[in-house]
>>> print(open('upload10.txt').read())   # compact mmCIF, C-alpha atoms and all ligand atoms
# COMPACT_ATOMS: atom_id res chain seq x y z
CA MET A 1 77.06 99.82 90.70
CA THR A 2 75.09 100.32 93.88
CA PRO A 3 76.63 102.30 96.73
CA ALA A 4 76.40 99.34 99.12
CA ALA A 5 78.23 96.99 96.73
CA ALA A 6 80.94 99.56 96.07
CA ILE A 7 82.67 99.38 99.47
CA VAL A 8 85.76 97.24 99.98
CA ASP A 9 86.89 96.69 103.58
CA CYS A 10 90.66 96.28 103.67
CA THR A 11 93.17 95.00 106.18
CA GLU A 12 96.44 96.65 107.16
CA ASP A 13 98.57 94.39 104.94
CA TRP A 14 96.96 96.21 101.98
CA LEU A 15 98.94 99.30 102.98
CA GLU A 16 102.18 97.69 101.85
CA LYS A 17 103.76 98.84 98.63
CA ARG A 18 103.85 95.97 96.10
CA PRO A 19 106.05 95.45 93.02
CA GLY A 20 104.93 97.92 90.37
CA ASP A 21 103.55 100.48 92.84
CA ASN A 22 105.36 103.79 92.68
CA THR A 23 104.07 105.65 95.73
CA ARG A 24 103.79 105.28 99.47
CA ILE A 25 100.45 107.10 99.72
CA GLU A 26 98.49 104.54 101.67
CA TRP A 27 94.97 105.30 100.49
CA LEU A 28 96.24 105.20 96.91
CA LEU A 29 97.90 101.81 97.46
CA VAL A 30 94.65 100.44 98.89
CA LEU A 31 92.49 101.96 96.14
CA ALA A 32 94.77 100.41 93.52
CA ARG A 33 94.82 96.99 95.16
CA ALA A 34 91.03 96.96 95.56
CA HIS A 35 90.79 97.51 91.79
CA GLY A 36 93.53 94.96 90.96
CA MET A 37 95.77 97.76 89.70
CA ARG A 38 99.09 99.44 90.35
CA ALA A 39 99.38 102.73 92.24
CA ASP A 40 101.32 105.73 90.96
CA VAL A 41 101.47 109.50 91.09
CA LEU A 42 101.28 111.38 87.80
CA GLY A 43 103.60 114.39 87.99
CA TYR A 44 102.43 116.16 84.82
CA GLN A 45 102.09 119.49 86.67
CA GLU A 46 104.41 120.90 89.35
CA GLY A 47 104.23 124.02 91.51
CA CYS A 48 101.45 125.69 93.44
CA SER A 49 100.45 128.58 95.69
CA GLU A 50 98.63 128.64 99.01
CA LYS A 51 94.85 128.66 98.78
CA THR A 52 93.40 127.73 102.20
CA GLY A 53 94.61 127.78 105.80
CA SER A 54 95.44 124.08 105.52
CA CYS A 55 98.08 124.94 102.88
CA ARG A 56 100.35 126.15 105.70
CA GLN A 57 101.16 122.47 106.35
CA CYS A 58 101.93 121.81 102.66
CA TRP A 59 104.51 119.01 102.42
CA ALA A 60 104.83 119.43 98.65
CA ARG A 61 106.47 122.85 99.04
CA GLU A 62 109.45 121.40 100.95
CA GLU A 63 109.75 118.48 98.56
CA VAL A 64 109.73 120.67 95.46
CA TYR A 65 112.32 122.95 97.06
CA ARG A 66 114.58 119.98 97.87
CA ARG A 67 114.23 118.54 94.37
CA GLY A 68 114.96 121.94 92.82
CA LEU A 69 118.35 121.95 94.58
CA GLN A 70 119.32 118.49 93.36
CA GLN A 71 122.04 117.93 90.83
CA GLY A 72 121.11 117.40 87.23
CA GLU A 73 119.60 119.46 84.47
CA ALA A 74 116.37 117.43 84.34
CA MET A 75 115.58 118.04 88.03
CA ARG A 76 116.36 121.73 87.76
CA ARG A 77 114.22 122.09 84.63
CA ARG A 78 111.33 120.37 86.37
CA PHE A 79 111.47 121.88 89.86
CA GLY A 80 113.79 124.90 89.74
CA GLY A 81 112.16 128.29 90.31
CA LEU A 82 108.88 126.91 91.68
CA THR A 83 109.87 127.73 95.29
CA ARG A 84 112.19 130.17 97.04
CA LYS A 85 113.51 130.64 100.56
CA VAL A 86 112.60 133.94 102.22
CA GLY A 87 113.82 134.61 105.77
CA GLY A 88 114.47 130.90 106.30
CA ARG A 89 110.97 129.94 105.18
CA ILE A 90 110.25 128.10 101.93
CA GLN A 91 107.54 129.69 99.79
CA TRP A 92 105.91 128.88 96.48
CA THR A 93 106.74 131.40 93.75
CA GLY A 94 103.27 130.86 92.28
CA GLU A 95 104.63 129.53 89.01
CA ILE A 96 103.32 126.18 87.79
CA ARG A 97 104.99 123.96 85.20
CA VAL A 98 103.18 121.51 82.92
CA LEU A 99 104.99 118.43 81.61
CA SER A 100 102.58 117.18 78.97
CA GLU A 101 104.86 114.36 77.87
CA ARG A 102 104.09 112.63 81.16
CA LEU A 103 100.42 112.41 80.15
CA ALA A 104 101.39 110.63 76.95
CA GLY A 105 103.45 108.25 79.08
CA ALA A 106 100.41 107.48 81.24
CA VAL A 107 98.39 106.59 78.15
CA ARG A 108 101.17 104.23 77.04
CA ARG A 109 101.54 102.62 80.51
CA LYS A 110 101.10 98.88 80.01
CA HIS A 111 99.63 98.02 83.40
CA PRO A 112 96.27 99.41 84.50
CA THR A 113 97.15 102.05 87.06
CA PHE A 114 95.33 104.03 89.74
CA TRP A 115 96.80 107.52 89.33
CA PHE A 116 97.05 110.43 91.72
CA PRO A 117 97.82 113.33 89.37
CA ALA A 118 99.59 116.55 90.37
CA SER A 119 100.45 115.46 93.91
CA ARG A 120 102.81 118.48 94.18
CA SER A 121 100.38 120.94 92.63
CA ASP A 122 96.63 121.45 92.29
CA VAL A 123 94.94 120.15 89.12
CA PHE A 124 92.58 123.14 89.20
CA HIS A 125 95.17 125.82 90.04
CA GLU A 126 94.22 129.24 88.64
CA LYS A 127 97.19 129.09 86.27
CA ALA A 128 96.33 125.65 84.91
CA GLU A 129 94.52 126.22 81.63
CA ALA A 130 91.23 124.42 80.95
CA ARG A 131 93.09 122.77 78.07
CA THR A 132 95.58 121.27 80.52
CA VAL A 133 92.80 119.89 82.73
CA ALA A 134 91.23 118.43 79.58
CA GLN A 135 94.54 116.79 78.63
CA LEU A 136 94.66 115.07 82.00
CA LEU A 137 91.07 113.84 81.65
CA ALA A 138 91.89 112.63 78.15
CA VAL A 139 94.24 110.09 79.76
CA ALA A 140 91.26 108.62 81.61
CA ALA A 141 89.16 108.79 78.43
CA ALA A 142 91.85 106.99 76.43
CA ARG A 143 92.43 104.27 79.00
CA PRO A 144 89.20 102.85 80.45
CA ASP A 145 91.32 100.43 82.46
CA HIS A 146 93.08 103.26 84.36
CA ARG A 147 91.52 105.11 87.31
CA MET A 148 92.43 108.47 88.78
CA ILE A 149 91.70 110.45 91.90
CA LEU A 150 91.97 114.25 91.79
CA LEU A 151 92.24 116.29 94.98
CA THR A 152 91.84 120.05 94.97
CA LYS A 153 91.57 123.06 97.23
CA ARG A 154 90.21 125.04 94.25
CA TRP A 155 86.74 123.49 94.41
CA GLU A 156 84.96 126.48 92.84
CA ARG A 157 87.16 126.41 89.75
CA ALA A 158 86.86 122.63 89.66
CA ALA A 159 83.06 122.91 89.70
CA ASP A 160 83.00 125.62 87.02
CA LEU A 161 85.19 123.54 84.72
CA LEU A 162 83.73 120.11 85.38
CA VAL A 163 80.08 121.09 84.83
CA SER A 164 80.81 123.30 81.81
CA GLU A 165 79.52 122.18 78.44
CA GLU A 166 82.83 123.02 76.79
CA LEU A 167 84.91 120.59 78.81
CA GLN A 168 83.72 117.46 77.01
CA ASP A 169 84.72 119.03 73.66
CA LEU A 170 88.13 120.01 75.04
CA VAL A 171 88.68 116.45 76.28
CA ALA A 172 87.70 115.10 72.84
CA GLU A 173 90.26 117.44 71.21
CA ALA A 174 92.95 116.45 73.72
CA LEU A 175 92.15 112.77 73.21
CA ALA A 176 92.57 113.11 69.44
CA GLU A 177 96.08 114.54 70.02
CA LEU A 178 97.10 112.23 72.84
CA ALA A 179 95.74 108.96 71.49
CA PRO A 180 94.73 109.37 67.84
CA GLY A 181 91.97 106.97 66.83
CA ARG A 182 90.73 106.26 70.35
CA PRO A 183 87.00 107.05 70.57
CA MET A 184 85.53 109.29 73.24
CA PRO A 185 83.70 107.30 75.92
CA SER A 186 79.96 107.03 75.40
CA GLY A 187 79.25 108.19 78.94
CA TRP A 188 79.97 111.55 80.52
CA PRO A 189 81.24 112.36 83.14
CA LEU A 190 84.06 109.84 83.03
CA ALA A 191 83.29 106.91 85.32
CA ASN A 192 86.94 106.14 86.06
CA VAL A 193 87.68 109.52 87.66
CA ILE A 194 86.92 110.56 91.22
CA VAL A 195 87.11 114.27 92.06
CA GLY A 196 87.83 115.29 95.63
CA CYS A 197 88.38 118.31 97.80
CA SER A 198 90.82 118.69 100.70
CA VAL A 199 89.16 120.28 103.71
CA GLY A 200 90.75 120.59 107.13
CA ASN A 201 88.00 122.14 109.21
CA GLN A 202 84.35 123.18 109.19
CA ALA A 203 84.99 126.57 107.58
CA GLU A 204 86.73 124.92 104.62
CA ALA A 205 84.04 122.25 104.36
CA ASP A 206 81.34 124.94 104.39
CA ALA A 207 83.18 126.79 101.62
CA ALA A 208 83.56 123.62 99.52
CA GLY A 209 80.16 121.98 100.01
CA GLU A 210 78.18 123.77 97.32
CA SER A 211 80.88 123.35 94.66
CA MET A 212 81.26 119.66 95.46
CA SER A 213 77.50 119.11 95.22
CA ARG A 214 77.56 120.80 91.79
CA ILE A 215 80.31 118.41 90.69
CA ALA A 216 78.43 115.39 92.06
CA THR A 217 75.19 116.34 90.33
CA MET A 218 76.52 118.08 87.18
CA GLN A 219 74.28 121.02 87.87
CA ALA A 220 75.46 124.39 86.63
CA THR A 221 73.34 126.28 89.13
CA SER A 222 74.08 125.77 92.76
CA ARG A 223 70.48 126.16 93.97
CA ILE A 224 69.32 123.07 92.10
CA ALA A 225 72.50 121.24 92.98
CA THR A 226 72.05 121.84 96.68
CA MET A 227 68.48 120.57 96.54
CA GLN A 228 69.40 117.47 94.55
CA ALA A 229 72.50 116.67 96.54
CA THR A 230 70.39 115.76 99.53
CA SER A 231 69.20 112.72 97.63
CA ARG A 232 71.51 109.76 97.06
CA VAL A 233 69.90 109.00 93.69
CA ALA A 234 70.91 112.46 92.48
CA ARG A 235 74.57 111.38 92.26
CA SER A 236 74.51 111.54 88.47
CA GLY A 237 77.64 113.64 88.01
CA TRP A 238 81.30 113.02 88.74
CA ALA A 239 82.13 110.57 91.50
CA THR A 240 83.31 112.74 94.40
CA CYS A 241 85.37 112.34 97.53
CA ALA A 242 86.65 114.48 100.39
CA SER A 243 89.94 114.33 102.23
CA ALA A 244 89.97 115.62 105.80
CA GLU A 245 93.65 114.90 106.23
CA PRO A 246 94.96 116.55 108.19
CA MET A 247 91.74 117.13 110.10
CA ARG A 248 92.24 120.30 112.13
CA GLY A 249 88.83 120.60 113.76
CA PRO A 250 85.40 118.97 113.89
CA ILE A 251 83.65 118.68 110.51
CA ASP A 252 79.94 117.99 110.11
CA PHE A 253 79.48 116.39 106.68
CA SER A 254 75.67 116.61 106.75
CA GLY A 255 74.54 117.48 103.21
CA TRP A 256 77.54 115.68 101.66
CA GLU A 257 75.68 112.37 101.20
CA PHE A 258 76.67 112.41 97.52
CA LEU A 259 80.30 111.48 98.43
CA ARG A 260 81.73 108.17 97.23
CA PHE A 261 84.79 108.22 99.50
CA LEU A 262 86.01 109.97 102.66
CA ILE A 263 89.62 110.12 103.89
CA VAL A 264 90.28 111.17 107.50
CA GLY A 265 93.61 111.52 109.27
CA GLY A 266 95.76 113.47 111.70
CA MET A 267 98.71 115.75 111.11
CA THR A 268 102.29 114.55 111.04
CA GLY A 269 105.51 116.44 110.55
CA GLY A 270 107.22 117.12 113.82
CA ILE A 271 107.10 120.00 116.19
CA ALA A 272 104.36 122.04 114.51
CA SER A 273 101.91 119.16 114.08
CA GLU A 274 98.50 119.67 115.65
CA PRO A 275 96.62 116.98 117.64
CA LEU A 276 93.46 115.23 116.45
CA HIS A 277 90.46 114.82 118.76
CA PRO A 278 88.86 111.34 118.93
CA LEU A 279 85.39 112.94 118.85
CA TRP A 280 86.14 114.55 115.47
CA VAL A 281 87.17 111.17 114.07
CA GLU A 282 84.17 109.43 115.60
CA GLY A 283 81.85 112.10 114.13
CA ALA A 284 83.22 111.83 110.58
CA LEU A 285 83.45 108.02 110.53
CA GLY A 286 79.98 107.72 112.11
CA TRP A 287 78.51 109.98 109.45
CA ALA A 288 80.17 107.88 106.73
CA ARG A 289 78.90 104.61 108.21
CA VAL A 290 75.31 105.84 108.47
CA ASN A 291 75.36 107.13 104.90
CA GLY A 292 77.09 104.16 103.27
CA VAL A 293 80.17 106.19 102.31
CA PRO A 294 83.45 104.20 102.39
CA ALA A 295 85.81 105.81 104.90
CA PHE A 296 89.56 105.50 105.23
CA PHE A 297 91.05 106.48 108.58
CA LYS A 298 94.71 106.94 107.76
CA GLN A 299 96.29 107.58 111.16
CA TRP A 300 96.08 109.68 114.34
CA GLY A 301 99.07 111.82 113.41
CA ASP A 302 101.82 112.60 115.92
CA TRP A 303 99.58 112.74 119.01
CA ALA A 304 97.83 109.98 120.97
CA MET A 305 96.24 109.29 124.34
CA GLN A 306 98.61 106.34 124.82
CA PRO A 307 101.42 105.72 125.62
CA GLU A 308 101.58 108.40 128.29
CA THR A 309 105.00 109.88 127.73
CA GLY A 310 106.40 113.40 127.92
CA THR A 311 104.39 116.55 128.50
CA PRO A 312 100.71 116.31 127.56
CA VAL A 313 98.36 118.87 126.00
CA TRP A 314 94.63 119.04 126.52
CA LEU A 315 92.52 119.32 123.37
CA ALA A 316 88.91 120.49 123.64
CA ALA A 317 86.27 119.20 121.21
CA ASP A 318 85.88 122.73 119.84
CA GLY A 319 89.55 122.76 118.78
CA ARG A 320 91.09 124.84 121.57
CA CYS A 321 94.38 123.36 122.79
CA PHE A 322 95.81 123.93 126.30
CA ASP A 323 99.18 123.28 127.94
CA ASP A 324 97.59 123.54 131.38
CA VAL A 325 94.52 121.50 132.32
CA SER A 326 93.28 124.12 134.77
CA ALA A 327 92.91 126.58 131.86
CA ALA A 328 90.70 124.03 130.08
CA ALA A 329 88.22 123.60 132.90
CA ASP A 330 85.25 125.10 131.04
CA SER A 331 85.68 122.50 128.23
CA ARG A 332 84.49 119.74 130.55
CA ARG A 333 81.03 121.29 130.53
CA ASP A 334 80.48 119.66 127.10
CA GLY A 335 80.81 116.16 128.60
CA PRO A 336 83.59 113.90 129.91
CA ALA A 337 84.90 113.05 126.43
CA ALA A 338 85.10 116.67 125.31
CA LEU A 339 88.50 117.28 126.86
CA CYS A 340 91.16 114.89 125.71
CA ARG A 341 94.70 114.49 127.08
CA LEU A 342 97.22 113.79 124.33
CA PHE A 343 100.96 113.06 124.17
CA ARG A 344 103.32 113.62 121.27
CA VAL A 345 104.37 110.03 120.59
CA GLY A 346 105.02 110.14 116.83
CA LYS A 347 102.91 108.66 114.07
CA VAL A 348 104.20 105.10 114.35
CA LYS A 349 103.22 104.78 118.01
CA ALA A 350 100.00 106.73 117.55
CA GLY A 351 98.93 104.35 114.78
CA ARG A 352 95.43 104.16 113.35
CA ARG A 353 93.51 101.96 115.79
CA LEU A 354 90.27 103.49 117.09
CA PRO A 355 89.57 103.49 120.85
CA ASP A 356 87.39 100.35 120.36
CA GLY A 357 90.30 98.56 118.63
CA ARG A 358 88.95 98.78 115.07
CA VAL A 359 90.93 99.80 111.99
CA VAL A 360 88.79 101.51 109.33
CA LEU A 361 90.30 101.15 105.85
CA GLN A 362 87.43 101.21 103.39
CA VAL A 363 87.65 102.26 99.74
CA PRO A 364 85.11 102.51 96.91
CA ILE A 365 85.14 100.63 93.61
CA LEU A 366 84.91 102.92 90.59
CA GLY A 367 83.35 101.93 87.29
CA GLN A 368 85.06 101.76 83.89
CA VAL A 369 84.41 104.19 81.07
CA ARG A 370 82.51 102.69 78.15
CA HIS A 371 83.28 103.25 74.50
CA GLY A 372 80.90 103.10 71.54
S1 LIG B 401 96.86 123.32 97.28
FE1 LIG B 401 98.02 121.53 98.01
S2 LIG B 401 99.99 121.63 96.92
FE2 LIG B 401 99.02 123.65 96.77
S3 LIG B 401 99.85 124.84 98.48
FE3 LIG B 401 97.91 123.93 99.16
S4 LIG B 401 98.51 121.99 100.15
FE4 LIG B 401 100.25 122.66 98.89
>>> encode(input="upload10.txt", output="structure tokens", more="lines below")
Ligand code: SF4
Amino acid sequence: MTPAAAIVDCTEDWLEKRPGDNTRIEWLLVLARAHGMRADVLGYQEGCSEKTGSCRQCWAREEVYRRGLQQGEAMRRRFGGLTRKVGGRIQWTGEIRVLSERLAGAVRRKHPTFWFPASRSDVFHEKAEARTVAQLLAVAAARPDHRMILLTKRWERAADLLVSEELQDLVAEALAELAPGRPMPSGWPLANVIVGCSVGNQAEADAAGESMSRIATMQATSRIATMQATSRVARSGWATCASAEPMRGPIDFSGWEFLRFLIVGGMTGGIASEPLHPLWVEGALGWARVNGVPAFFKQWGDWAMQPETGTPVWLAADGRCFDDVSAAADSRRDGPAALCRLFRVGKVKAGRRLPDGRVVLQVPILGQVRHG
């Protein structure tokens, strides 16, 4: 698989959920369709705790809270006690819950599926044992026709686990339990898994970069990894991706040329949602284009330059946001495009079209694992 041949350019009708899909996550639907597969989340682990500043906008926390209040023993057993309400605000309790039987179900799934595991948790959460991570990877090892995409905000723990020599043995043990008789793939790392980090701004990207380059190059020591990651041919480790959704500031991805996929998008979710600057989007998508990395621009979020309706805000390219344009005067010194006037129009009206009219919905094609 060459990087150039691995990009599929999709159209907006690919964002529709089809029979057999069990999610509305658009990039997952498109990834699945590009591979001729179904799309589904794999809720084998529930519960989390905040790790980065971007966790303040965690949608999973509200969903887990709601589900924990629902009628029925099964829902309470699965979601109860993972969140609590303190002073009107929903918080994680920090407990995580593993439902291993769901992994066995994924192995038995008849149709090849593109999975997004632990969408309401973090695969690499501090409380998730290495054995549990290995059990998840054993699903991918058992089913070469499945694919999975992992997203984490615990990139350091992910790197430590994924480059460790012990992990392959743990996956082999888990595979023997989960799917007795199925051989371990002949290649390692698993070619049908893509490992990603969620980063919302430059500080988070800076914190994640070294760990992600270790994952992409399978180097235990970061110094070598950083050197090798500058070369495309050094992508000999896990396939990696980054999600800058929601993007909360400009991110320079220089040095991340090892990526196989980049997701970019704005913030949604009502009154507290932050606006997205067109220059940030242009910067990230431009970097991806130059480096042959498939990029998926999900949407602008709740804010847009058009239609002009309601009270605007002015967003500077450095991330400062103003209610009053006169207070933003110094931002214009960085050029006419640096200060952007935005209106809260809602995500449907804001859409995903770039200022030049393009829609960017690219995804990568991942390889299969090989046995024997
Ligand atoms: S890591 Fe993800 S699931 Fe966990 S608190 Fe942060 S945003 Fe929520």
>>> closest_residue(input="upload10.txt", among="A:Phe124, A:Trp14, A:Trp238, A:Phe114", to="ligand LIG 401 (chain B)", atoms="all atoms listed in the file")
A:Phe124
>>> residues_near_ligand(input="upload10.txt", ligand="ligand LIG 401 (chain B)", cutoff="6 Å", atoms="only C-alpha atoms and all ligand atoms", output="PyMOL selection string")
chain A and resi 48-51+55+58+60+120-122+153
>>> write_last_selection(input="upload10.txt", atoms="C-alpha atoms", output="compact mmCIF listing (two decimals), keeping the file's coordinate frame")
# COMPACT_ATOMS: atom_id res chain seq x y z
CA CYS A 48 101.45 125.69 93.44
CA SER A 49 100.45 128.58 95.69
CA GLU A 50 98.63 128.64 99.01
CA LYS A 51 94.85 128.66 98.78
CA CYS A 55 98.08 124.94 102.88
CA CYS A 58 101.93 121.81 102.66
CA ALA A 60 104.83 119.43 98.65
CA ARG A 120 102.81 118.48 94.18
CA SER A 121 100.38 120.94 92.63
CA ASP A 122 96.63 121.45 92.29
CA LYS A 153 91.57 123.06 97.23
>>> atom_distance(input="upload10.txt", atom1="CA of Ser119 in chain A", atom2="CA of Ser186 in chain A")
28.9 Å
>>> closest_atom_pairs(input="upload10.txt", of="range 230-261 of chain A", to="range 201-208 of chain A", cutoff="12 Å", atoms="all atoms listed in the file", output="tab-separated table")
residue	atom	partner	partner_atom	distance
A:Cys241	CA	A:Ala208	CA	11.6
A:Ala242	CA	A:Ala205	CA	9.1
A:Ser243	CA	A:Ala205	CA	10.1
A:Ala244	CA	A:Asn201	CA	7.6
A:Glu245	CA	A:Asn201	CA	9.7
A:Pro246	CA	A:Asn201	CA	9.0
A:Met247	CA	A:Asn201	CA	6.3
A:Arg248	CA	A:Asn201	CA	5.5
A:Gly249	CA	A:Asn201	CA	4.9
A:Pro250	CA	A:Asn201	CA	6.2
A:Ile251	CA	A:Gln202	CA	4.7
A:Asp252	CA	A:Gln202	CA	6.9
A:Phe253	CA	A:Ala205	CA	7.8
A:Ser254	CA	A:Asp206	CA	10.3
A:Gly255	CA	A:Asp206	CA	10.2
A:Trp256	CA	A:Ala205	CA	9.6
>>> closest_residue(input="upload10.txt", among="A:Ser54, A:Asp9, A:His277, A:Arg147", to="Val107 in chain A", atoms="only C-alpha atoms")
A:Arg147
>>> axis_aligned_box(input="upload10.txt", around="range 303-318 of chain A", padding_each_side="6 Å", output="AutoDock Vina command-line options")
--center_x 96.1 --center_y 114.2 --center_z 123.8 --size_x 32.5 --size_y 29.0 --size_z 21.5
>>> residues_around(input="upload10.txt", residues="Phe297 in chain A", least_positions_apart="4", cutoff="7 Å", atoms="only C-alpha atoms", output="number ranges by chain")
A: 263-265, 352, 360-361
>>> residues_around(input="upload10.txt", residues="Leu366 in chain A", least_positions_apart="2", cutoff="8 Å", atoms="only C-alpha atoms", output="MDAnalysis selection string")
chainID A and resid 6 147 191:194 364 368
>>> closest_residue(input="upload10.txt", among="A:Gly47, A:Gly181, A:Gly87, A:Gly346", to="Lys127 in chain A", atoms="all atoms listed in the file")
A:Gly47
>>> atom_distance(input="upload10.txt", atom1="CA of Val359 in chain A", atom2="CA of Ala239 in chain A")
24.8 Å
>>> closest_residue(input="upload10.txt", among="A:Val325, A:Leu137, A:Leu151, A:Leu29", to="Glu12 in chain A", atoms="only C-alpha atoms")
A:Leu29
>>> atom_distance(input="upload10.txt", atom1="CA of Leu315 in chain A", atom2="CA of Arg289 in chain A")
25.1 Å
>>> residues_around(input="upload10.txt", residues="Val363 in chain A", least_positions_apart="6", cutoff="7 Å", atoms="all atoms listed in the file", output="PyMOL selection string")
chain A and resi 7-9+31+261+294-296
>>> residues_around(input="upload10.txt", residues="Ala176 in chain A", least_positions_apart="4", cutoff="12 Å", atoms="all atoms listed in the file", output="VMD selection string")
chain A and resid 104 134 to 135 138 to 139 141 to 142 169 to 172 180 to 184
>>> residues_around(input="upload10.txt", residues="Asp302 in chain A", least_positions_apart="4", cutoff="9 Å", atoms="only C-alpha atoms", output="PyMOL selection string")
chain A and resi 266-270+273-276+343-351
>>> closest_residue(input="upload10.txt", among="A:Ala174, A:Ala74, A:Leu342, A:Trp27", to="Ile149 in chain A", atoms="only C-alpha atoms")
A:Trp27
>>> closest_residue(input="upload10.txt", among="A:Val293, A:Glu282, A:Arg157, A:Gly187", to="Val369 in chain A", atoms="all atoms listed in the file")
A:Gly187
>>> decode(input="upload10.txt", residues="range 156-174 of chain A", atoms="N, CA and C atoms", output="PDB file, in the first residue's frame")
ATOM      1  N   GLU A 156       0.613   9.030  25.916  1.00  0.00           N
ATOM      2  CA  GLU A 156       1.858   8.483  26.497  1.00  0.00           C
ATOM      3  C   GLU A 156       1.660   7.031  26.901  1.00  0.00           C
ATOM      4  N   ARG A 157       0.531   6.757  27.551  1.00  0.00           N
ATOM      5  CA  ARG A 157       0.281   5.353  27.951  1.00  0.00           C
ATOM      6  C   ARG A 157       0.089   4.495  26.709  1.00  0.00           C
ATOM      7  N   ALA A 158      -0.585   5.061  25.705  1.00  0.00           N
ATOM      8  CA  ALA A 158      -0.777   4.310  24.455  1.00  0.00           C
ATOM      9  C   ALA A 158       0.576   3.941  23.858  1.00  0.00           C
ATOM     10  N   ALA A 159       1.498   4.903  23.822  1.00  0.00           N
ATOM     11  CA  ALA A 159       2.824   4.639  23.246  1.00  0.00           C
ATOM     12  C   ALA A 159       3.561   3.585  24.066  1.00  0.00           C
ATOM     13  N   ASP A 160       3.536   3.738  25.393  1.00  0.00           N
ATOM     14  CA  ASP A 160       4.249   2.767  26.238  1.00  0.00           C
ATOM     15  C   ASP A 160       3.733   1.345  25.993  1.00  0.00           C
ATOM     16  N   LEU A 161       2.410   1.210  25.898  1.00  0.00           N
ATOM     17  CA  LEU A 161       1.844  -0.124  25.707  1.00  0.00           C
ATOM     18  C   LEU A 161       2.090  -0.658  24.299  1.00  0.00           C
ATOM     19  N   LEU A 162       1.852   0.202  23.311  1.00  0.00           N
ATOM     20  CA  LEU A 162       1.868  -0.282  21.922  1.00  0.00           C
ATOM     21  C   LEU A 162       3.271  -0.622  21.422  1.00  0.00           C
ATOM     22  N   VAL A 163       4.304  -0.004  21.985  1.00  0.00           N
ATOM     23  CA  VAL A 163       5.661  -0.345  21.531  1.00  0.00           C
ATOM     24  C   VAL A 163       6.316  -1.388  22.448  1.00  0.00           C
ATOM     25  N   SER A 164       5.605  -1.792  23.516  1.00  0.00           N
ATOM     26  CA  SER A 164       6.239  -2.725  24.454  1.00  0.00           C
ATOM     27  C   SER A 164       6.330  -4.122  23.837  1.00  0.00           C
ATOM     28  N   GLU A 165       7.358  -4.837  24.219  1.00  0.00           N
ATOM     29  CA  GLU A 165       7.544  -6.195  23.690  1.00  0.00           C
ATOM     30  C   GLU A 165       6.504  -7.156  24.233  1.00  0.00           C
ATOM     31  N   GLU A 166       5.975  -6.832  25.429  1.00  0.00           N
ATOM     32  CA  GLU A 166       5.036  -7.764  26.068  1.00  0.00           C
ATOM     33  C   GLU A 166       3.673  -7.777  25.387  1.00  0.00           C
ATOM     34  N   LEU A 167       3.323  -6.670  24.719  1.00  0.00           N
ATOM     35  CA  LEU A 167       1.944  -6.563  24.234  1.00  0.00           C
ATOM     36  C   LEU A 167       1.582  -7.678  23.256  1.00  0.00           C
ATOM     37  N   GLN A 168       2.507  -8.014  22.371  1.00  0.00           N
ATOM     38  CA  GLN A 168       2.206  -9.044  21.364  1.00  0.00           C
ATOM     39  C   GLN A 168       1.878 -10.383  22.061  1.00  0.00           C
ATOM     40  N   ASP A 169       2.632 -10.684  23.131  1.00  0.00           N
ATOM     41  CA  ASP A 169       2.350 -11.927  23.882  1.00  0.00           C
ATOM     42  C   ASP A 169       0.987 -11.857  24.554  1.00  0.00           C
ATOM     43  N   LEU A 170       0.656 -10.689  25.109  1.00  0.00           N
ATOM     44  CA  LEU A 170      -0.652 -10.542  25.762  1.00  0.00           C
ATOM     45  C   LEU A 170      -1.784 -10.700  24.752  1.00  0.00           C
ATOM     46  N   VAL A 171      -1.584 -10.163  23.546  1.00  0.00           N
ATOM     47  CA  VAL A 171      -2.616 -10.297  22.508  1.00  0.00           C
ATOM     48  C   VAL A 171      -2.753 -11.761  22.116  1.00  0.00           C
ATOM     49  N   ALA A 172      -1.621 -12.478  22.011  1.00  0.00           N
ATOM     50  CA  ALA A 172      -1.668 -13.910  21.670  1.00  0.00           C
ATOM     51  C   ALA A 172      -2.448 -14.682  22.733  1.00  0.00           C
ATOM     52  N   GLU A 173      -2.208 -14.363  24.003  1.00  0.00           N
ATOM     53  CA  GLU A 173      -2.948 -15.028  25.097  1.00  0.00           C
ATOM     54  C   GLU A 173      -4.439 -14.723  25.012  1.00  0.00           C
ATOM     55  N   ALA A 174      -4.747 -13.435  24.777  1.00  0.00           N
ATOM     56  CA  ALA A 174      -6.161 -13.026  24.697  1.00  0.00           C
ATOM     57  C   ALA A 174      -6.839 -13.683  23.495  1.00  0.00           C
TER      58      ALA A 174
END
